Each structure stands twice: as structure tokens, then as C-alpha cells.
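Enquirer: Shown below is the structure under consideration.
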There are 2 protein chains.
Amino acid sequence: MKKNKLKKLITDIFIKHKLSENHAKICSEALVNAELVGAPAHGLSRLKMYCDRINKKVINPKPKIKIKKISQSIAHIDANNSIGFVAADIGIKKAILNAKKTGFGLVGIKNSGHYGLSGYYAEQAVKKNLIALVFTNAPPAIAPHGALKTLFGTNPICFGSPTSNKIPFILDSSVSMINRGKIRFAARAGKKIPEGVALDKFGNPTTNAKKALEGVQLPIASYRGSGFAWMVDILSGVLTGGNHGGKVKDPFDDFTGPQNIGHLFIVMKPNIFVPNFNQRIKENIKRIKKLPKIKGIKEILYPGQNKFNRYKENSKREIRISKNIFKDIDILIS
Amino acid sequence: MKKNKLKKLITDIFIKHKLSENHAKICSEALVNAELVGAPAHGLSRLKMYCDRINKKVINPKPKIKIKKISQSIAHIDANNSIGFVAADIGIKKAILNAKKTGFGLVGIKNSGHYGLSGYYAEQAVKKNLIALVFTNAPPAIAPHGALKTLFGTNPICFGSPTSNKIPFILDSSVSMINRGKIRFAARAGKKIPEGVALDKFGNPTTNAKKALEGVQLPIASYRGSGFAWMVDILSGVLTGGNHGGKVKDPFDDFTGPQNIGHLFIVMKPNIFVPNFNQRIKENIKRIKKLPKIKGIKEILYPGQNKFNRYKENSKREIRISKNIFKDIDILIS
């Protein structure tokens, strides 16, 4: 389907599910963007879930979002159980505004939900020539180091920076060996997952996606990845007033209440300390790209380049929609 | 040697090398702390190196450190090639002060040097009931993903948080599989390093510490660890005005000029968004500690607990000093 037709369709579905036109558009943009950057696990495969959560009243389609000003730089947002995209969109825009004014913006959000890709929000800041750190927690997926039960989410560490060229530096790294969305996607598609990324519920290694969903995902780098996940849970959950310590509900499986996910946005002007950041980052990237390469590697890429290239390529074509998702869309729009 | 006697001795050595008494004490405290927490690679094994760099005029023992106020929250420090401990001590104290005043403190430092353990500075903030993110770059140790040559430092990601008990949460994780200091320590001690943490200069796996120092250290989690290292280089080097992109000199091997390392401190009040952070973090830790454990694990520990326990145990005894280091000390004090 053509990009703009798809965006209109998704917007209509969200409007039908009681979102305002503005909020529906924000959600539609984010979901289609995920498809275009090649992250379908954060794209249309979640559409039905969002609508189900609205129908079951665990996402509030007409939220009264409160923005509390703490200082010229700092704001706290109570998202009133809005869909995550809307809360995050308001949050990053507020952080950008505060950073533009004071050099630095810090925004904490509570009572939000799954917002898709962290990098999508970091990119908004980078497009305004700002640096961003973005944190969110997520439903239990990873076992803390030493534990036999999942508790931390895949809790990404996300960082964006201007590069002095049109392709932003966007690091958006889950601290899980594999994204939960990818396992879910594999489970839906009946595909296997790689070895060494998950254990089943008995603690045995598995490549079966369904068994992995019932079991434990492994963090990157053993105890260090577990530590990163804990850090992100504190920054985005404990600090903001969101759920934390394993209390974020799985959006697909648990309709007993809202998720109350927390997000934290830290945004900075790149020239707060030096006048020539753009020249410096250009030089930084240039030096690294010039290093001798491992056999078979054509170019050393910075984080975000691959995603940008995929976006560009995918934007030229129609977006492929699987049968299952077409079925979802048909039901949701009718 | 007894802790206090050792501290006095190290202080005297630094005074003999032209540091002010105050600065000498700051350095001595940091080095002895590294021994006590069980990180000898950041301890006395570096004493001779610091003195050599002062003698060769690539560390400035009488720096004119300039603190530039950017706003009530933000400051930029030009450390004038001071020893890293002194620059970092001034920097974290300024960030703490600004955070106490405005909820948030952001301090960038340039023209600094190796400052030891990032966690040591995060801990200072946590002891004042603040949350801290601490970033520094370091001499080339890790190859960027796809490159055959080292460029990034071991560039730690460091985060500290109050816990509502006396043991702070201190995550201080190098993004290298192994700390460069540990390899250097193994090389001095004639010991092997673990498999899978480094390559020799030809790109072959090695457990020989000396060959690893000439070769390439591997990042954690492949391209993700490489991305983390790049993020830290941008935050602590490109942003602050410090060296970056592989230009930080190795303090042991390169006396052709100062290191010009950059540091970045981000400090926040834990109650900027919620009134009951201490209660929330207590609950967070309690939930995680209560999880079922893997066979053989007695307690799930949060980052910083091990280090705290080692500090407590080691503080009860005399500090063991190796023959080589005693020789260094003897020469340096005489």
C-alpha cells in the first residue's frame, strides 16, 4: 500500500477508536515510520493491540494530559493513560522547547504506554540540532542477573546527536540480546529465533519463539546488561512516577489495567560548551570512517545510518502488508 | 600498610611533585579508594605514571582551573591539564551544587586527564542523595564495529542512585569486555587474560596480556558495545571540547603532550518528579531481591553492592602493596 494511503487508513482507524484527529495522526505517523525503518515489530503488528486496549478501557483515547512546569528546563507530564505515542510526542516537544530556551531540557512522563521506537523521539530532537538521551521501561522480558524470573523490560538505551550531515546519529539499543517484539513477530510468523538469546520457562536454551515468550530473554553482556536494564528502570520508572520493578503490564496479554510506563527525555544544545560542535562531530565521524576495515566491510557505519538508508529505500516503494495484518485492518476499520 | 599511613605517603609524594596539599589529598584519596574497592588497576599501579607525566610536563601540577558559569544549572570547566582527579573532583562538586539549587546540574570538563573510577564520582553525588550519570572518554582500546584498529576508549557508562539504605546503587560498566587496566595489570604480573576479550595486532584471538595491549580489545555485545563507546566519546569528548575520535593519548606510553580527556557529569535531584523517591527505590530493590534465584545464587545484588562490601572488608585490614609498587613508592618519595 502507498505510504500516504496507509497513513490515512491508520489515522481513520484511530479516529474510529475515539482518538482526536491530531492524536490519531501522531500514532499513525509513528507506526508507519516503524515499518519504513524496518522495525515491523513496532509497526502495524501492534495496531490491533492498541485498539483492543482502547476498547477494553486500559488506554484512554481522550486523555487529559497534565504538563507540570518544574523549572524553565524541567517538566513532569502525567499522561493520564494516553496511548504512548501521544505522551511521548508531547514530552519530547516540551524537552526540545526547554533545551532551546535554557540549553537543557529534562522531561519525565508517567501514566504512559508503549511508545514504539525510542530512536523516533531522539530523532525529533536531532532534527532540531539537539542532543538527546531517551529512556523508557517496558514489560518484563529479561531476568535480573542471578534471578530465574523475568522482571526488567528490554529497556533500551537511546542516544541521538546531530552529525553535520542529513543522517542523524541514532543509537537505540535494547539491553536484551533480542527485542521482545522480534520474538513476538517470529512467534506470529512461525519462525525460529537465534541461539543464545533466550531461555524457556525451565531455564533451558531455546530457539522456539513461543517458548521464549513464556521464558526468559537474556541481557547483553551478562551482569552488565542486567545493570543497564536496572538503570533504565530507575531513570524511566522509579524517578518519573511510572510503574517499575516488573509492574509494567504486557500490552498484548494483560488487560487488567493501564501500563503506566514511564519515559525520561534529556535534551541538550550541542553548543552549550563549545561553539563548533558541528565541525567537531564531523571530524569525529570522518576519523572513524577512515580506519582500516575488517575484510568484507565496505564502510564503517555510525548508529542510525542503516536505519536511515532503509527508510529511504522503503519510502520509494509501497509498504508490504501481511495477510494477518490486512485482516486486522479490515476488521478495525469496518 | 595501614590506610591512613598510605594516604599520608601518597599525599607527600604528590606534594613532592608540586601539587598543592589540597590537590595532593584529592589524588591520594582517589588512589587509595581504588585499592580498597578492589580496583587496583586504577590504584597504586598508576602512581608512578602520574608522577612521570608531571615530571615530563604533560600534567600541570599547578593548574589554573577555570569554571565558566553557563547558567544556574550548567557549567563548563577548563582543567588546564590538571591531574584528572582534581578536575573531576571540582566538576562533580559543581554539578552537585547546581543540582541542589535547581534540581539539575550539568558540567562538562575539557583539558583533564585519567580520573580513575567513574563510580567514585557518582558515589559523591549519591552520598548527597542525588542521581548521577558520569561519562569520560579514554585512550584507544576498542575497535569501532567493522574496523581493524582501536580508536574508542573503554568509555564506561556510569550511573548512581540513592537506594534508601547506606549502600549506593553504582553501575560503572566499561563497554569493553575487559578493562584496559586489568590487561595492563595482568601484563605487569605476567598473568593471562580470559579468552574472547581481546585480539592481537593481527586480529587473532589472544590470552597474552602483552599482545592484547598491542592489539584490539573487544567491545561488549558486538556492534552495540561499539555504539555505546561512540556515544560516550561524543558526550564526554566532542561535546565538552576534550579530545575525541582516538586523539586521547595513552598516559603510560605517550608523553608527547597532555591527554585532554573530557568528562560529563549529569546530576539530578531524585524528587524532581515524585515526592517519595526513596520509598519507591526501596520497593524496587525489594521486589527484585525477592525473585526466585538461579541455583547457587544466595542473593541478587544490585550494582555497587559487591564494591561496597569489598571496601568494608578491605578497610579492616592493612593494604597489601606489591614489591614493584613499593619500589615505585620508594623512588618517588626519596
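Chains: A, B, ... in order of the C-alpha cells. Residues: from 1 per chain. Ligands: from 1, in order shown.
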Compute the set of chain B residues within 6 Å of chain A, using only C-alpha atoms, and express it as a list of chain:residue names.
Expert: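 Matching residues, ligands excluded from the count: B:Gly146, B:Ala147, B:Leu148, B:Ile220, B:Ala221, B:Thr240, B:Gly241, B:Gly245, B:Phe273, B:Val274, B:Asn284, B:Pro292, B:Lys293, B:Ile294, B:Ile300.
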Enquirer: If we count only C-alpha atoms and set the cut-off at 8 Å, which residues sit around Lys128 (chain B), ignoring sequence neighbours fewer than 3 positions away in its own chain? Please answer as a PDB file with N, CA and C atoms, in the first residue's frame.
Expert:
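Writing the result to result-v3.pdb gives the following:
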```pdb
ATOM      1  N   ILE B  96      26.930  18.813  41.701  1.00  0.00           N
ATOM      2  CA  ILE B  96      26.122  18.558  42.902  1.00  0.00           C
ATOM      3  C   ILE B  96      25.490  19.857  43.396  1.00  0.00           C
ATOM      4  N   GLN B 124      29.919  10.261  45.054  1.00  0.00           N
ATOM      5  CA  GLN B 124      29.880  11.551  45.764  1.00  0.00           C
ATOM      6  C   GLN B 124      28.502  12.179  45.645  1.00  0.00           C
ATOM      7  N   ALA B 125      27.901  12.082  44.452  1.00  0.00           N
ATOM      8  CA  ALA B 125      26.560  12.646  44.251  1.00  0.00           C
ATOM      9  C   ALA B 125      25.520  11.851  45.042  1.00  0.00           C
TER      10      ALA B 125
END
```
Enquirer: Hey, can you check how far CA of Asn165 (chain A) sits from CA of Asn179 (chain A)?
Expert: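 Computing it gives 29.0 Å between the two atoms.
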Enquirer: Just checking: using only C-alpha atoms, which residue out of B:Ile26, B:Leu9, B:Leu36, B:Leu117 ends up closest to Lys316 (chain B)?
Expert: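 Using only C-alpha atoms, the shortest distance to Lys316 (chain B) belongs to B:Leu36.
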Enquirer: Could you pull the residues within 12 Å of Lys312 (chain B), counting only C-alpha atoms, minus those fewer than 6 positions along the same chain, as a PDB file with C-alpha atoms, in the first residue's frame?
Expert:
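The resulting file, selection.pdb, is reproduced below:
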```
ATOM      1  CA  ASN B  33      39.855   4.237  47.407  1.00  0.00           C
ATOM      2  CA  GLU B  35      42.696  -0.162  46.214  1.00  0.00           C
ATOM      3  CA  LEU B  36      40.004  -0.516  48.881  1.00  0.00           C
ATOM      4  CA  VAL B  37      37.153  -1.223  46.448  1.00  0.00           C
ATOM      5  CA  GLY B  38      39.266  -3.881  44.754  1.00  0.00           C
ATOM      6  CA  LYS B 166      23.672   3.017  53.111  1.00  0.00           C
ATOM      7  CA  ILE B 167      24.896   1.004  50.103  1.00  0.00           C
ATOM      8  CA  GLN B 305      26.901  -3.846  46.497  1.00  0.00           C
ATOM      9  CA  ASN B 306      29.929  -6.001  45.734  1.00  0.00           C
TER      10      ASN B 306
END
```
Enquirer: At a cut-off of 8 Å, using only C-alpha atoms, what residues contact Ser45 (chain B)? Leave out same-chain residues fewer than 5 positions from it and give the result as a ChimeraX atom specification.
Expert: /B:40,185,325
Enquirer: Export C-alpha atoms of the chosen residues as a short mmCIF file (atom, residue, chain, number, x, y, z; two decimals), in the first residue's frame?
Expert:
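And here is the file that came out, result31.cif:
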```cif
data_model
loop_
_atom_site.label_atom_id
_atom_site.label_comp_id
_atom_site.auth_asym_id
_atom_site.auth_seq_id
_atom_site.Cartn_x
_atom_site.Cartn_y
_atom_site.Cartn_z
CA PRO B 40 43.97 -1.96 41.81
CA PHE B 185 47.83 -5.32 35.46
CA ILE B 325 54.85 -0.72 43.63
#
```
Enquirer: Figure out the distance between CA of Phe265 (chain A) and CA of Ile65 (chain A), please, to one decimal in Å.
Expert: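 Distance reported for this atom pair: 16.8 Å.
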Enquirer: Excluding Ala34 (chain B) and any residue of its chain fewer than 3 positions from it, enumerate the residues within 12 Å of it, using only C-alpha atoms, and give them as a count of residues only.
Expert: 33
Enquirer: Please identify which residues in region 171-277 of chain A DSSP calls alpha helix (DSSP H) from the backbone, and express them as a ChimeraX atom specification.
Expert: /A:180-189,209-214,223-233,277
Enquirer: Counting only C-alpha atoms, what is within 10 Å of region 11-17 of chain A, bar same-chain residues fewer than 3 positions away, as an MDAnalysis selection string?
Expert: chainID A and resid 5:8 20:29 47:48 50:52 54:55 61 329:334
Enquirer: Using DSSP on the backbone coordinates, identify the residues of region 50-211 of chain B assigned to strand (DSSP E or B); present them as a PyMOL selection string.
Expert: chain B and resi 66-69+74-78+104-112+131-136+142+147+152+157-161+169-173+176+192+198-199+205+208
Enquirer: Can you write just those residues out, N, CA and C atoms, as a compact mmCIF listing (two decimals), in the first residue's frame?
Expert:
```txt
# COMPACT_ATOMS: atom_id res chain seq x y z
N LYS B 66 39.59 26.89 35.26
CA LYS B 66 38.57 27.92 35.03
C LYS B 66 37.19 27.28 35.01
N ILE B 67 36.31 27.80 35.87
CA ILE B 67 34.93 27.32 35.87
C ILE B 67 34.06 28.41 35.24
N LYS B 68 33.48 28.09 34.10
CA LYS B 68 32.64 29.07 33.41
C LYS B 68 31.18 28.75 33.68
N LYS B 69 30.46 29.72 34.24
CA LYS B 69 29.04 29.51 34.51
C LYS B 69 28.25 29.74 33.23
N ILE B 74 24.21 24.84 34.58
CA ILE B 74 25.24 24.34 33.67
C ILE B 74 26.57 25.06 33.86
N ALA B 75 27.66 24.31 33.90
CA ALA B 75 28.99 24.91 33.98
C ALA B 75 29.95 24.18 33.06
N HIS B 76 30.94 24.91 32.57
CA HIS B 76 31.97 24.34 31.72
C HIS B 76 33.31 24.58 32.39
N ILE B 77 34.11 23.53 32.53
CA ILE B 77 35.39 23.64 33.21
C ILE B 77 36.54 23.39 32.25
N ASP B 78 37.48 24.32 32.23
CA ASP B 78 38.74 24.09 31.53
C ASP B 78 39.77 23.74 32.60
N PHE B 104 18.91 20.14 38.98
CA PHE B 104 19.63 19.52 37.90
C PHE B 104 20.97 20.22 37.67
N GLY B 105 22.06 19.48 37.57
CA GLY B 105 23.37 20.06 37.31
C GLY B 105 24.04 19.36 36.14
N LEU B 106 24.60 20.15 35.23
CA LEU B 106 25.27 19.60 34.05
C LEU B 106 26.64 20.26 33.96
N VAL B 107 27.71 19.45 34.04
CA VAL B 107 29.06 20.01 33.99
C VAL B 107 29.88 19.26 32.95
N GLY B 108 30.43 20.01 32.01
CA GLY B 108 31.36 19.47 31.03
C GLY B 108 32.77 19.92 31.35
N ILE B 109 33.74 19.03 31.20
CA ILE B 109 35.14 19.34 31.53
C ILE B 109 36.02 19.01 30.33
N LYS B 110 36.92 19.93 30.01
CA LYS B 110 37.93 19.63 28.98
C LYS B 110 39.33 19.82 29.57
N ASN B 111 40.32 19.43 28.83
CA ASN B 111 41.72 19.53 29.27
C ASN B 111 41.96 18.87 30.63
N SER B 112 41.38 17.69 30.80
CA SER B 112 41.59 16.90 32.01
C SER B 112 42.42 15.66 31.65
N ILE B 131 20.98 11.69 42.06
CA ILE B 131 21.19 10.72 40.99
C ILE B 131 22.26 11.27 40.05
N ALA B 132 23.15 10.41 39.53
CA ALA B 132 24.21 10.92 38.66
C ALA B 132 24.44 10.01 37.46
N LEU B 133 24.70 10.64 36.31
CA LEU B 133 25.25 9.95 35.13
C LEU B 133 26.63 10.54 34.89
N VAL B 134 27.63 9.67 34.74
CA VAL B 134 29.03 10.13 34.61
C VAL B 134 29.64 9.51 33.36
N PHE B 135 30.21 10.36 32.51
CA PHE B 135 30.84 9.86 31.27
C PHE B 135 32.25 10.41 31.14
N THR B 136 33.17 9.58 30.69
CA THR B 136 34.51 10.04 30.36
C THR B 136 35.00 9.24 29.16
N ILE B 142 39.38 0.00 22.07
CA ILE B 142 38.38 -0.82 21.38
C ILE B 142 38.29 -0.40 19.92
N ALA B 147 36.00 -2.06 12.16
CA ALA B 147 37.36 -1.54 11.99
C ALA B 147 38.39 -2.53 12.50
N PHE B 152 38.18 3.82 20.05
CA PHE B 152 37.44 4.21 21.25
C PHE B 152 38.18 3.77 22.50
N ILE B 157 29.99 3.52 30.93
CA ILE B 157 28.68 4.11 31.23
C ILE B 157 28.50 3.98 32.73
N CYS B 158 28.31 5.10 33.41
CA CYS B 158 28.25 5.07 34.87
C CYS B 158 27.01 5.79 35.36
N PHE B 159 26.31 5.15 36.30
CA PHE B 159 25.05 5.68 36.84
C PHE B 159 24.99 5.38 38.33
N GLY B 160 24.64 6.38 39.11
CA GLY B 160 24.49 6.19 40.55
C GLY B 160 23.15 6.68 41.03
N SER B 161 22.60 5.98 42.01
CA SER B 161 21.31 6.38 42.57
C SER B 161 21.27 6.06 44.06
N PHE B 169 23.55 2.52 44.87
CA PHE B 169 23.48 1.83 43.58
C PHE B 169 24.50 2.52 42.68
N ILE B 170 25.58 1.81 42.34
CA ILE B 170 26.60 2.39 41.46
C ILE B 170 26.90 1.41 40.34
N LEU B 171 26.34 1.71 39.17
CA LEU B 171 26.70 0.95 37.96
C LEU B 171 27.88 1.67 37.34
N ASP B 172 28.97 0.96 37.10
CA ASP B 172 30.14 1.59 36.48
C ASP B 172 30.71 0.56 35.52
N SER B 173 30.18 0.58 34.30
CA SER B 173 30.45 -0.52 33.39
C SER B 173 31.21 -0.05 32.16
N SER B 176 33.99 -2.18 27.27
CA SER B 176 34.94 -3.16 26.77
C SER B 176 34.69 -4.47 27.53
N LYS B 192 47.78 -14.40 32.45
CA LYS B 192 46.98 -14.45 31.22
C LYS B 192 45.66 -13.71 31.41
N ALA B 198 39.95 -10.10 23.79
CA ALA B 198 40.89 -9.26 23.02
C ALA B 198 41.45 -10.01 21.82
N LEU B 199 41.92 -9.23 20.85
CA LEU B 199 42.63 -9.76 19.69
C LEU B 199 44.05 -9.19 19.69
N PRO B 205 42.58 -13.97 18.06
CA PRO B 205 42.27 -14.04 19.49
C PRO B 205 43.53 -14.31 20.31
N ASN B 208 47.26 -13.58 25.81
CA ASN B 208 48.51 -12.99 26.25
C ASN B 208 48.30 -11.49 26.47
```
Enquirer: By how many Å are CA of Lys57 (chain A) and CA of Thr256 (chain A) apart?
Expert: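 A separation of 9.5 Å between them.
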